[in-house]
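The structure file protein39.cif is reproduced below (mmCIF, C-alpha atoms).
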```
data_structure
#
loop_
_atom_site.label_atom_id
_atom_site.label_comp_id
_atom_site.auth_asym_id
_atom_site.auth_seq_id
_atom_site.Cartn_x
_atom_site.Cartn_y
_atom_site.Cartn_z
CA MET A 14 -72.23 5.04 -113.10
CA LYS A 15 -75.79 6.27 -112.64
CA LEU A 16 -78.85 4.09 -113.13
CA THR A 17 -82.28 5.75 -113.13
CA VAL A 18 -85.35 3.64 -112.44
CA LEU A 19 -88.61 5.14 -113.67
CA GLY A 20 -91.42 3.58 -111.70
CA GLY A 21 -88.99 3.41 -108.80
CA GLY A 22 -91.76 2.73 -106.30
CA GLY A 23 -92.74 -0.45 -108.12
CA PHE A 24 -92.88 -3.69 -106.17
CA ARG A 25 -90.25 -5.47 -108.27
CA VAL A 26 -87.60 -2.73 -108.01
CA PRO A 27 -85.86 -4.47 -105.05
CA LEU A 28 -85.15 -7.42 -107.38
CA VAL A 29 -83.04 -5.11 -109.52
CA TYR A 30 -81.23 -3.63 -106.54
CA GLN A 31 -80.64 -7.05 -105.03
CA ALA A 32 -78.92 -8.11 -108.25
CA LEU A 33 -76.82 -4.94 -108.22
CA THR A 34 -75.49 -5.75 -104.74
CA ALA A 35 -73.82 -8.85 -106.19
CA GLY A 36 -71.46 -6.62 -108.17
CA SER A 37 -72.00 -4.20 -111.04
CA PRO A 38 -70.52 -0.98 -112.43
CA VAL A 39 -73.49 0.98 -111.04
CA THR A 40 -72.53 3.32 -108.20
CA GLU A 41 -75.76 5.32 -107.91
CA VAL A 42 -79.43 4.34 -108.26
CA VAL A 43 -81.99 7.11 -108.63
CA LEU A 44 -85.64 6.24 -108.10
CA HIS A 45 -88.40 8.27 -109.75
CA ASP A 46 -92.11 7.67 -109.26
CA VAL A 47 -95.37 9.62 -109.16
CA SER A 48 -96.25 8.07 -105.78
CA ASP A 49 -94.27 9.32 -102.77
CA PRO A 50 -95.66 6.65 -100.37
CA ARG A 51 -94.63 3.84 -102.72
CA LEU A 52 -91.18 5.36 -103.13
CA ALA A 53 -90.78 5.57 -99.36
CA ALA A 54 -91.74 1.91 -98.90
CA ILE A 55 -89.37 0.64 -101.57
CA ARG A 56 -86.57 2.84 -100.28
CA ALA A 57 -87.04 1.23 -96.86
CA VAL A 58 -86.61 -2.22 -98.43
CA LEU A 59 -83.49 -1.11 -100.34
CA ALA A 60 -82.00 0.44 -97.20
CA GLU A 61 -82.09 -2.95 -95.48
CA MET A 62 -80.52 -4.59 -98.52
CA ALA A 63 -77.76 -1.96 -98.56
CA ASP A 64 -77.06 -2.50 -94.85
CA ALA A 65 -76.47 -6.19 -95.55
CA HIS A 66 -74.15 -5.47 -98.50
CA PRO A 67 -71.41 -2.92 -97.80
CA GLY A 68 -70.44 -1.19 -101.02
CA ALA A 69 -73.91 -1.52 -102.55
CA PRO A 70 -74.89 1.37 -104.85
CA GLU A 71 -76.11 4.56 -103.22
CA VAL A 72 -79.86 5.11 -103.51
CA ARG A 73 -81.59 8.44 -103.77
CA VAL A 74 -85.00 9.71 -104.82
CA ALA A 75 -85.72 12.38 -107.41
CA THR A 76 -89.29 13.59 -107.86
CA ASP A 77 -88.42 15.76 -110.87
CA LEU A 78 -88.11 13.69 -114.05
CA ASP A 79 -85.33 15.75 -115.64
CA GLU A 80 -83.30 15.65 -112.43
CA ALA A 81 -83.75 11.88 -112.26
CA LEU A 82 -82.60 11.43 -115.86
CA ALA A 83 -79.71 13.91 -116.03
CA ASP A 84 -76.33 12.20 -116.56
CA ALA A 85 -77.84 8.71 -116.38
CA ARG A 86 -75.87 6.03 -118.20
CA PHE A 87 -78.84 3.63 -118.09
CA VAL A 88 -82.56 4.22 -117.64
CA PHE A 89 -84.85 1.39 -116.59
CA SER A 90 -88.40 2.23 -117.67
CA ALA A 91 -90.76 0.30 -115.41
CA ILE A 92 -93.76 2.61 -115.30
CA ARG A 93 -97.34 1.39 -114.91
CA VAL A 94 -99.84 3.97 -116.14
CA ASP A 95 -102.92 4.01 -113.85
CA GLY A 96 -101.33 1.41 -111.61
CA LEU A 97 -102.90 -1.92 -110.73
CA ALA A 98 -106.32 -0.25 -110.55
CA GLY A 99 -106.02 0.34 -114.29
CA ARG A 100 -104.91 -3.23 -114.86
CA THR A 101 -107.95 -4.64 -113.08
CA VAL A 102 -110.23 -2.59 -115.33
CA ASP A 103 -108.32 -3.77 -118.43
CA GLU A 104 -108.91 -7.37 -117.37
CA ARG A 105 -112.51 -7.07 -116.17
CA VAL A 106 -113.81 -5.16 -119.21
CA ALA A 107 -112.48 -7.86 -121.53
CA LEU A 108 -113.92 -10.68 -119.41
CA ALA A 109 -117.30 -8.95 -119.28
CA HIS A 110 -117.41 -9.18 -123.08
CA GLY A 111 -116.44 -12.86 -123.12
CA VAL A 112 -112.85 -12.46 -124.31
CA LEU A 113 -109.46 -12.88 -122.67
CA GLY A 114 -108.82 -10.58 -119.71
CA GLN A 115 -105.04 -10.42 -119.44
CA GLU A 116 -102.53 -7.62 -118.88
CA THR A 117 -100.56 -7.77 -122.13
CA THR A 118 -102.30 -10.27 -124.41
CA GLY A 119 -105.52 -9.44 -126.22
CA PRO A 120 -107.80 -6.44 -125.62
CA GLY A 121 -106.40 -5.75 -122.16
CA GLY A 122 -102.97 -5.26 -123.70
CA ILE A 123 -104.41 -2.89 -126.31
CA ALA A 124 -106.14 -0.79 -123.64
CA TYR A 125 -102.96 -0.74 -121.55
CA GLY A 126 -100.91 0.23 -124.59
CA LEU A 127 -103.27 3.06 -125.57
CA ARG A 128 -102.76 4.64 -122.14
CA SER A 129 -99.05 3.89 -121.88
CA VAL A 130 -97.72 4.93 -125.31
CA PRO A 131 -98.20 8.71 -124.80
CA VAL A 132 -96.50 8.58 -121.40
CA ALA A 133 -93.63 6.45 -122.72
CA ARG A 134 -93.05 8.84 -125.62
CA ARG A 135 -93.00 11.84 -123.28
CA VAL A 136 -90.37 10.04 -121.21
CA ALA A 137 -88.39 9.29 -124.38
CA ARG A 138 -88.41 12.97 -125.34
CA ARG A 139 -87.06 13.96 -121.92
CA VAL A 140 -84.33 11.30 -122.19
CA ALA A 141 -83.38 12.71 -125.59
CA ALA A 142 -83.19 16.19 -124.09
CA VAL A 143 -81.27 15.59 -120.86
CA ALA A 144 -79.59 12.16 -121.22
CA PRO A 145 -79.09 11.61 -124.97
CA SER A 146 -76.27 9.08 -124.48
CA ALA A 147 -78.26 6.89 -122.07
CA TRP A 148 -79.44 3.40 -122.92
CA VAL A 149 -83.12 2.87 -122.10
CA ILE A 150 -83.98 -0.66 -121.00
CA ASN A 151 -87.73 -1.04 -121.18
CA PHE A 152 -89.64 -3.21 -118.72
CA THR A 153 -92.96 -1.43 -119.25
CA ASN A 154 -95.67 -3.63 -120.71
CA PRO A 155 -96.78 -4.36 -123.35
CA ALA A 156 -93.00 -4.47 -123.74
CA GLY A 157 -92.70 -4.86 -127.52
CA MET A 158 -95.26 -2.17 -128.22
CA ILE A 159 -93.82 0.34 -125.75
CA THR A 160 -90.27 -0.30 -126.94
CA GLU A 161 -91.37 0.37 -130.52
CA ALA A 162 -93.14 3.58 -129.50
CA MET A 163 -90.06 4.86 -127.65
CA GLN A 164 -87.76 3.93 -130.53
CA ALA A 165 -89.64 6.42 -132.71
CA VAL A 166 -88.02 9.09 -130.51
CA LEU A 167 -84.74 7.53 -129.36
CA GLY A 168 -83.96 5.02 -132.09
CA GLU A 169 -82.12 1.84 -131.26
CA ARG A 170 -80.95 3.09 -127.85
CA VAL A 171 -84.20 1.64 -126.48
CA ILE A 172 -84.14 -2.11 -125.84
CA GLY A 173 -87.02 -4.15 -124.47
CA ILE A 174 -86.44 -7.13 -122.20
CA CYS A 175 -88.48 -10.06 -120.91
CA ASP A 176 -87.54 -13.12 -118.90
CA SER A 177 -90.05 -15.51 -120.54
CA PRO A 178 -87.74 -16.59 -123.42
CA VAL A 179 -84.79 -16.96 -121.05
CA GLY A 180 -86.85 -19.18 -118.76
CA LEU A 181 -88.01 -21.32 -121.68
CA VAL A 182 -84.44 -21.83 -122.92
CA ARG A 183 -83.24 -22.68 -119.43
CA ARG A 184 -86.00 -25.25 -118.92
CA ALA A 185 -85.27 -26.83 -122.29
CA ALA A 186 -81.55 -27.02 -121.56
CA GLU A 187 -82.19 -28.56 -118.14
CA ALA A 188 -84.55 -31.12 -119.67
CA LEU A 189 -81.76 -32.10 -122.07
CA ARG A 190 -79.19 -32.02 -119.26
CA ALA A 191 -77.14 -29.95 -121.65
CA THR A 192 -73.71 -28.91 -120.41
CA GLY A 193 -72.05 -27.66 -123.59
CA GLU A 194 -72.17 -24.36 -125.42
CA LEU A 195 -75.75 -23.36 -126.30
CA ALA A 196 -77.04 -21.54 -129.38
CA VAL A 197 -80.76 -20.82 -129.61
CA ASP A 198 -83.14 -20.30 -132.50
CA TYR A 199 -85.89 -18.21 -130.93
CA VAL A 200 -88.15 -15.88 -132.89
CA GLY A 201 -91.31 -13.87 -132.31
CA LEU A 202 -92.75 -10.82 -130.64
CA ASN A 203 -92.84 -10.14 -126.92
CA HIS A 204 -95.11 -12.75 -125.29
CA LEU A 205 -95.56 -14.43 -128.67
CA GLY A 206 -92.59 -16.52 -129.79
CA TRP A 207 -91.19 -20.00 -130.31
CA LEU A 208 -87.95 -21.82 -129.53
CA ARG A 209 -87.33 -23.60 -132.85
CA GLY A 210 -83.85 -24.93 -132.23
CA LEU A 211 -81.42 -25.52 -129.38
CA ARG A 212 -77.91 -26.31 -130.53
CA VAL A 213 -75.57 -27.89 -128.00
CA ASP A 214 -71.94 -27.85 -129.14
CA GLY A 215 -73.18 -27.21 -132.67
CA VAL A 216 -75.81 -29.97 -132.82
CA ASP A 217 -79.54 -29.17 -132.70
CA GLN A 218 -80.95 -31.18 -129.80
CA LEU A 219 -84.54 -29.93 -130.03
CA PRO A 220 -85.70 -32.94 -132.12
CA ARG A 221 -84.33 -35.28 -129.44
CA LEU A 222 -86.12 -33.28 -126.76
CA LEU A 223 -89.43 -33.31 -128.65
CA ALA A 224 -89.24 -37.10 -128.95
CA ASP A 225 -88.63 -37.64 -125.21
CA ASP A 226 -91.86 -37.78 -123.16
CA THR A 227 -90.02 -37.75 -119.85
CA ALA A 228 -87.87 -34.76 -120.74
CA LEU A 229 -90.83 -32.80 -122.10
CA ALA A 230 -92.76 -33.37 -118.90
CA GLY A 231 -90.21 -31.22 -117.08
CA ILE A 232 -91.01 -28.15 -119.18
CA GLU A 233 -93.84 -25.98 -117.88
CA GLU A 234 -94.83 -24.68 -121.32
CA VAL A 235 -95.29 -28.25 -122.54
CA ARG A 236 -97.41 -29.15 -119.54
CA LEU A 237 -99.55 -26.08 -120.24
CA MET A 238 -100.15 -26.81 -123.92
CA GLY A 239 -99.61 -30.54 -124.28
CA ALA A 240 -96.74 -32.62 -125.65
CA ASP A 241 -98.71 -33.73 -128.71
CA TRP A 242 -99.42 -30.14 -129.72
CA VAL A 243 -95.85 -29.05 -129.15
CA ARG A 244 -94.62 -31.91 -131.33
CA SER A 245 -97.11 -31.00 -134.05
CA ILE A 246 -95.71 -27.47 -134.38
CA GLY A 247 -92.12 -28.66 -134.04
CA ALA A 248 -91.16 -25.95 -131.56
CA LEU A 249 -91.43 -25.00 -127.88
CA PRO A 250 -93.91 -22.11 -127.50
CA ASN A 251 -93.57 -19.17 -125.15
CA GLU A 252 -95.90 -19.63 -122.18
CA TYR A 253 -98.15 -16.78 -123.36
CA LEU A 254 -99.09 -18.75 -126.45
CA TYR A 255 -101.35 -20.74 -124.13
CA TYR A 256 -103.78 -17.83 -124.52
CA TYR A 257 -103.80 -18.32 -128.31
CA TYR A 258 -103.73 -22.11 -128.46
CA ASN A 259 -106.15 -22.70 -125.55
CA THR A 260 -108.26 -19.55 -125.66
CA ARG A 261 -111.56 -21.01 -124.46
CA GLU A 262 -109.94 -22.82 -121.58
CA ALA A 263 -107.95 -19.73 -120.58
CA VAL A 264 -110.99 -17.44 -120.61
CA ALA A 265 -113.09 -19.96 -118.67
CA ALA A 266 -110.37 -20.46 -116.06
CA ILE A 267 -109.86 -16.74 -115.49
CA ARG A 268 -113.61 -16.08 -115.30
CA CYS A 269 -114.03 -18.86 -112.73
CA ALA A 270 -111.12 -17.72 -110.58
CA PRO A 271 -112.05 -15.81 -107.40
CA CYS A 272 -110.14 -12.78 -108.72
CA THR A 273 -108.12 -11.72 -111.73
CA ARG A 274 -104.34 -11.55 -111.57
CA GLY A 275 -104.54 -7.77 -111.37
CA GLU A 276 -107.02 -7.91 -108.48
CA PHE A 277 -104.82 -10.39 -106.63
CA LEU A 278 -101.71 -8.25 -107.04
CA ARG A 279 -103.56 -5.04 -106.19
CA GLY A 280 -104.84 -6.41 -102.89
CA GLN A 281 -101.50 -7.98 -102.06
CA GLN A 282 -99.48 -4.86 -102.79
CA GLU A 283 -101.88 -2.41 -101.17
CA ARG A 284 -101.50 -4.36 -97.94
CA PHE A 285 -97.71 -4.38 -98.28
CA TYR A 286 -97.37 -0.65 -98.92
CA ALA A 287 -99.82 0.20 -96.12
CA GLU A 288 -98.00 -2.00 -93.62
CA VAL A 289 -94.58 -0.56 -94.47
CA ALA A 290 -95.96 2.99 -94.32
CA ALA A 291 -97.30 2.30 -90.82
CA ASP A 292 -94.09 0.61 -89.67
CA PRO A 293 -91.04 0.67 -91.99
CA THR A 294 -89.01 -1.62 -89.76
CA ASP A 295 -88.65 -5.14 -91.12
CA ALA A 296 -89.68 -3.95 -94.62
CA LEU A 297 -87.37 -6.43 -96.35
CA ARG A 298 -88.87 -9.48 -94.63
CA ARG A 299 -92.38 -8.31 -95.52
CA TRP A 300 -91.36 -7.72 -99.12
CA ASN A 301 -89.79 -11.18 -99.40
CA THR A 302 -92.94 -12.83 -98.05
CA VAL A 303 -95.16 -11.04 -100.56
CA ARG A 304 -92.73 -11.69 -103.42
CA GLU A 305 -92.68 -15.43 -102.78
CA GLU A 306 -96.47 -15.54 -102.77
CA ARG A 307 -96.56 -13.51 -105.98
CA ASP A 308 -94.04 -15.70 -107.81
CA SER A 309 -95.59 -19.01 -106.83
CA SER A 310 -99.07 -17.91 -108.00
CA TYR A 311 -97.98 -16.78 -111.49
CA MET A 312 -100.44 -18.05 -114.18
CA ALA A 313 -102.01 -20.20 -111.46
CA GLU A 314 -105.46 -20.42 -113.09
CA SER A 315 -103.96 -21.57 -116.42
CA ARG A 316 -101.76 -24.17 -114.76
CA GLU A 317 -104.75 -25.50 -112.83
CA ALA A 318 -107.00 -25.62 -115.91
CA SER A 319 -104.38 -27.39 -118.02
CA GLY A 320 -103.22 -29.75 -115.29
CA ALA A 321 -99.70 -28.34 -115.52
CA GLY A 322 -99.26 -28.47 -111.76
CA GLU A 323 -97.33 -26.17 -109.48
CA ARG A 324 -94.41 -24.07 -110.63
CA ALA A 325 -91.04 -25.72 -110.23
CA ALA A 326 -88.97 -24.46 -107.31
CA SER A 327 -86.14 -23.64 -109.72
CA ASP A 328 -88.43 -21.33 -111.70
CA ILE A 329 -89.26 -19.40 -108.56
CA ALA A 330 -85.70 -19.24 -107.25
CA VAL A 331 -83.85 -18.33 -110.46
CA GLY A 332 -83.16 -14.71 -111.40
CA GLY A 333 -85.75 -13.24 -113.74
CA TYR A 334 -85.95 -10.07 -115.75
CA GLN A 335 -83.61 -8.25 -113.38
CA GLN A 336 -80.81 -10.66 -114.27
CA VAL A 337 -81.48 -10.12 -117.98
CA ALA A 338 -81.24 -6.36 -117.43
CA LEU A 339 -77.96 -6.57 -115.52
CA GLU A 340 -76.35 -8.86 -118.09
CA LEU A 341 -77.43 -6.49 -120.85
CA MET A 342 -76.10 -3.50 -118.95
CA ALA A 343 -72.76 -5.20 -118.29
CA ALA A 344 -72.27 -6.13 -121.95
CA LEU A 345 -73.14 -2.61 -123.16
CA SER A 346 -70.71 -1.17 -120.60
CA GLY A 347 -67.72 -3.00 -122.06
CA GLY A 348 -67.98 -6.32 -120.28
CA PRO A 349 -67.78 -9.62 -122.14
CA GLY A 350 -69.96 -9.73 -125.23
CA ARG A 351 -72.86 -12.14 -125.18
CA THR A 352 -75.89 -13.35 -127.13
CA MET A 353 -79.25 -12.48 -125.57
CA ILE A 354 -82.91 -12.67 -126.58
CA LEU A 355 -84.11 -9.07 -126.67
CA ASN A 356 -86.82 -6.83 -128.08
CA VAL A 357 -85.17 -4.77 -130.82
CA ARG A 358 -85.85 -3.15 -134.19
CA ASN A 359 -86.35 -5.85 -136.80
CA GLY A 360 -84.51 -4.49 -139.82
CA SER A 361 -84.28 -7.67 -141.89
CA SER A 362 -83.93 -10.10 -138.98
CA VAL A 363 -87.41 -11.65 -139.29
CA PRO A 364 -88.53 -11.98 -142.93
CA GLY A 365 -92.13 -10.93 -143.43
CA LEU A 366 -92.29 -8.30 -140.68
CA PRO A 367 -91.78 -4.54 -141.21
CA PRO A 368 -88.23 -3.18 -140.76
CA ASP A 369 -89.36 -0.78 -138.00
CA ALA A 370 -91.25 -3.48 -136.09
CA VAL A 371 -89.83 -4.45 -132.72
CA VAL A 372 -89.26 -8.21 -132.60
CA GLU A 373 -87.95 -10.62 -129.95
CA VAL A 374 -84.89 -12.46 -131.28
CA PRO A 375 -81.35 -13.45 -130.29
CA CYS A 376 -78.93 -10.52 -130.49
CA VAL A 377 -75.20 -10.05 -130.16
CA VAL A 378 -74.57 -7.49 -127.41
CA GLY A 379 -71.33 -5.66 -126.66
CA ALA A 380 -69.80 -2.24 -126.26
CA HIS A 381 -70.77 -1.59 -129.90
CA GLY A 382 -74.46 -1.93 -129.05
CA VAL A 383 -77.03 -4.56 -130.00
CA THR A 384 -77.14 -6.45 -133.31
CA PRO A 385 -80.12 -8.73 -134.00
CA LEU A 386 -79.28 -12.03 -135.65
CA ALA A 387 -80.96 -13.18 -138.84
CA THR A 388 -83.64 -15.83 -138.41
CA ALA A 389 -84.81 -18.54 -140.78
CA PRO A 390 -88.19 -18.00 -142.48
CA LEU A 391 -91.21 -18.91 -140.40
CA PRO A 392 -93.97 -21.27 -141.54
CA GLY A 393 -97.17 -19.52 -142.57
CA SER A 394 -99.07 -20.40 -139.40
CA MET A 395 -96.48 -18.69 -137.19
CA LEU A 396 -95.70 -15.79 -139.51
CA GLY A 397 -99.39 -15.04 -140.07
CA LEU A 398 -100.01 -14.80 -136.33
CA LEU A 399 -96.99 -12.53 -135.85
CA GLN A 400 -98.06 -10.29 -138.75
CA GLN A 401 -101.58 -9.96 -137.40
CA VAL A 402 -100.50 -9.14 -133.84
CA LYS A 403 -97.80 -6.75 -135.05
CA ALA A 404 -100.37 -4.91 -137.18
CA VAL A 405 -102.53 -4.58 -134.06
CA GLU A 406 -99.57 -3.22 -132.07
CA GLN A 407 -98.73 -0.66 -134.74
CA ASP A 408 -102.36 0.45 -135.03
CA THR A 409 -102.46 0.83 -131.24
CA ILE A 410 -99.33 2.99 -131.24
CA GLU A 411 -100.67 5.18 -134.05
CA ALA A 412 -104.05 5.49 -132.35
CA ALA A 413 -102.40 6.57 -129.10
CA VAL A 414 -100.18 9.11 -130.87
CA THR A 415 -102.89 10.60 -133.10
CA GLY A 416 -105.92 10.14 -130.86
CA SER A 417 -107.70 8.16 -133.57
CA ALA A 418 -110.65 6.15 -132.24
CA THR A 419 -110.95 4.60 -135.70
CA LEU A 420 -107.47 3.08 -135.47
CA ALA A 421 -108.15 1.97 -131.90
CA LEU A 422 -111.27 0.16 -133.06
CA ARG A 423 -109.31 -1.48 -135.87
CA ALA A 424 -106.73 -2.67 -133.35
CA PHE A 425 -109.40 -4.29 -131.17
CA ALA A 426 -111.30 -5.78 -134.11
CA GLN A 427 -108.27 -7.29 -135.83
CA HIS A 428 -106.73 -8.91 -132.78
CA PRO A 429 -106.95 -12.70 -133.16
CA LEU A 430 -108.40 -13.03 -129.65
CA VAL A 431 -111.35 -10.72 -130.40
CA ASP A 432 -113.86 -12.69 -132.43
CA SER A 433 -116.26 -10.00 -133.63
CA VAL A 434 -116.25 -6.41 -134.84
CA THR A 435 -119.35 -5.88 -132.71
CA VAL A 436 -117.45 -7.07 -129.65
CA ALA A 437 -114.57 -4.77 -130.60
CA LYS A 438 -116.94 -1.78 -130.68
CA GLU A 439 -118.32 -2.76 -127.29
CA LEU A 440 -114.82 -3.15 -125.87
CA LEU A 441 -113.76 0.28 -127.08
CA ALA A 442 -116.91 1.89 -125.68
CA SER A 443 -116.47 0.16 -122.31
CA TYR A 444 -112.80 1.09 -122.01
CA ARG A 445 -113.55 4.71 -122.87
CA ALA A 446 -116.28 4.74 -120.22
CA ARG A 447 -114.15 3.15 -117.49
CA GLN A 448 -110.62 4.39 -118.23
CA PRO A 449 -110.58 8.21 -118.10
CA ALA A 450 -106.97 8.34 -119.34
CA LEU A 451 -107.89 6.32 -122.41
CA ALA A 452 -111.00 8.42 -123.07
CA ALA A 453 -108.87 11.57 -122.92
CA ILE A 454 -106.53 10.22 -125.61
CA LEU A 455 -109.08 9.09 -128.20
CA ARG A 456 -111.21 11.50 -130.16
#
```
Structure translated into structure tokens:
Amino acid sequence: MKLTVLGGGGFRVPLVYQALTAGSPVTEVVLHDVSDPRLAAIRAVLAEMADAHPGAPEVRVATDLDEALADARFVFSAIRVDGLAGRTVDERVALAHGVLGQETTGPGGIAYGLRSVPVARRVARRVAAVAPSAWVINFTNPAGMITEAMQAVLGERVIGICDSPVGLVRRAAEALRATGELAVDYVGLNHLGWLRGLRVDGVDQLPRLLADDTALAGIEEVRLMGADWVRSIGALPNEYLYYYYNTREAVAAIRCAPCTRGEFLRGQQERFYAEVAADPTDALRRWNTVREERDSSYMAESREASGAGERAASDIAVGGYQQVALELMAALSGGPGRTMILNVRNGSSVPGLPPDAVVEVPCVVGAHGVTPLATAPLPGSMLGLLQQVKAVEQDTIEAAVTGSATLALRAFAQHPLVDSVTVAKELLASYRARQPALAAILR
């Protein structure tokens, strides 16, 4: 079975391949990327992994997109339009105007989406042409927005994934010391959702968890946002809700940090790729060293500002999005069915959101495909936030498809983390001035 990875020179691709070496139906991995040097470096890492795991999937590189996609059973879309250089601009422009500078949340996510949607839709059209039976598993951020844009071409054969909800559920279950069968009530959009219930052997144990100070202290999201606040909303929030609930603190912490997350990763990865290009021997050890530094520093400025402390060792060691992808792929390929939190077309799953909106909810996955489960109605405070952010996402998609600067402005202005239409106009002007790809899209 063929797996194609778009963005195959990306730093996290070895995580996927490492998971594949533990056993999967994949026999061939094809890497596609616009950067030959990055592809060469990642291929060197994968070669060492393959040497240590006889029977690991064959790896090859295809520089032509149609060749890479042809006959693929699964396509992992992990592209990053304009690379980390683009991300640093997304973050710095927002911070310069006094609002959150973050990759997927707030104005940075809008700017990233405006540049990424046209590329993602072109990819979707090529998948439809040369691999119409393939499942596309989208890693590309902003994941919900890009999944929705690709679904306009490929329908429900595009599924978005994220490891944030999985990590939240795991931390909650560990805090409860739960050993029975779990059923979760999770609902939201990508990077904007809540765990509202955690049933263990049929009994909802979330109220017990919320009442237990010691147990709550073991959950990173609670340490970020505070036990009193979590109790007041009656749910465990996704870690990215820190940016909505503690906006001033988040902006101040990022502005005071010596560099943004994008700048940190750009410097780190540029050194890695340059070192492996100069000497490809020992590429795997170098990659592991950089990966560990990357994982341990995730959301570091927010954890420091909130007093949340260092990341737990278990959070760093456990499988992330790559494990979600492999479990999804196995279930779709005829393996045991399972329930997973995924980014899928809403239909009627989340009352109050449009049917074509991509939402992040538990789904039943099997050889039949993916079926989102119905969710209970949300309180107005949660639903209102989801509706506002979803409207922003849909305006961003339409602006990117039509080239409408008017819709792009509306997206910036109506985002809950942008506090002024004047600031929205300034953001749009600054992004057009500093992101040539974005300026070329908007009229």
Choose the residue, out of A:Arg284, A:Arg25, A:Arg139, A:His381, that has the smallest atom-to-atom separation from Leu82 (chain A); count all atoms listed in the file. A:Arg139
Residue IDs satisfying the PyMOL selection byres ((chain A and resi 250-264) around 7), as a ChimeraX atom specification: /A:112-113,177-178,181,204-208,234,237-238,248-249,265-268,315,318
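CA of Leu28 (chain A) is positioned 25.6 Å from CA of Cys272 (chain A).
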Quick one: which region 83-194 of chain A residues come within 10 Å of region 394-407 of chain A, and what is the nearest atom pair for each with the distance in Å to one decimal, counting only C-alpha atoms, rows ordered by chain and ascending number, as a tab-separated table?
```
residue	atom	partner	partner_atom	distance
A:Thr118	CA	A:Val402	CA	9.7
A:Gly119	CA	A:Val402	CA	9.1
A:Gly122	CA	A:Glu406	CA	9.3
A:Ile123	CA	A:Glu406	CA	7.5
A:Gly126	CA	A:Glu406	CA	8.3
A:Leu127	CA	A:Glu406	CA	9.8
A:Pro155	CA	A:Glu406	CA	9.2
A:Gly157	CA	A:Glu406	CA	8.4
A:Met158	CA	A:Glu406	CA	5.9
A:Ile159	CA	A:Glu406	CA	9.3
A:Glu161	CA	A:Gln407	CA	8.5
A:Ala162	CA	A:Gln407	CA	8.8
```
Looking at A:Cys376, A:Ala186, A:Leu33, A:Leu78, which one is nearest to Arg135 (chain A), with distances taken over only C-alpha atoms? A:Leu78
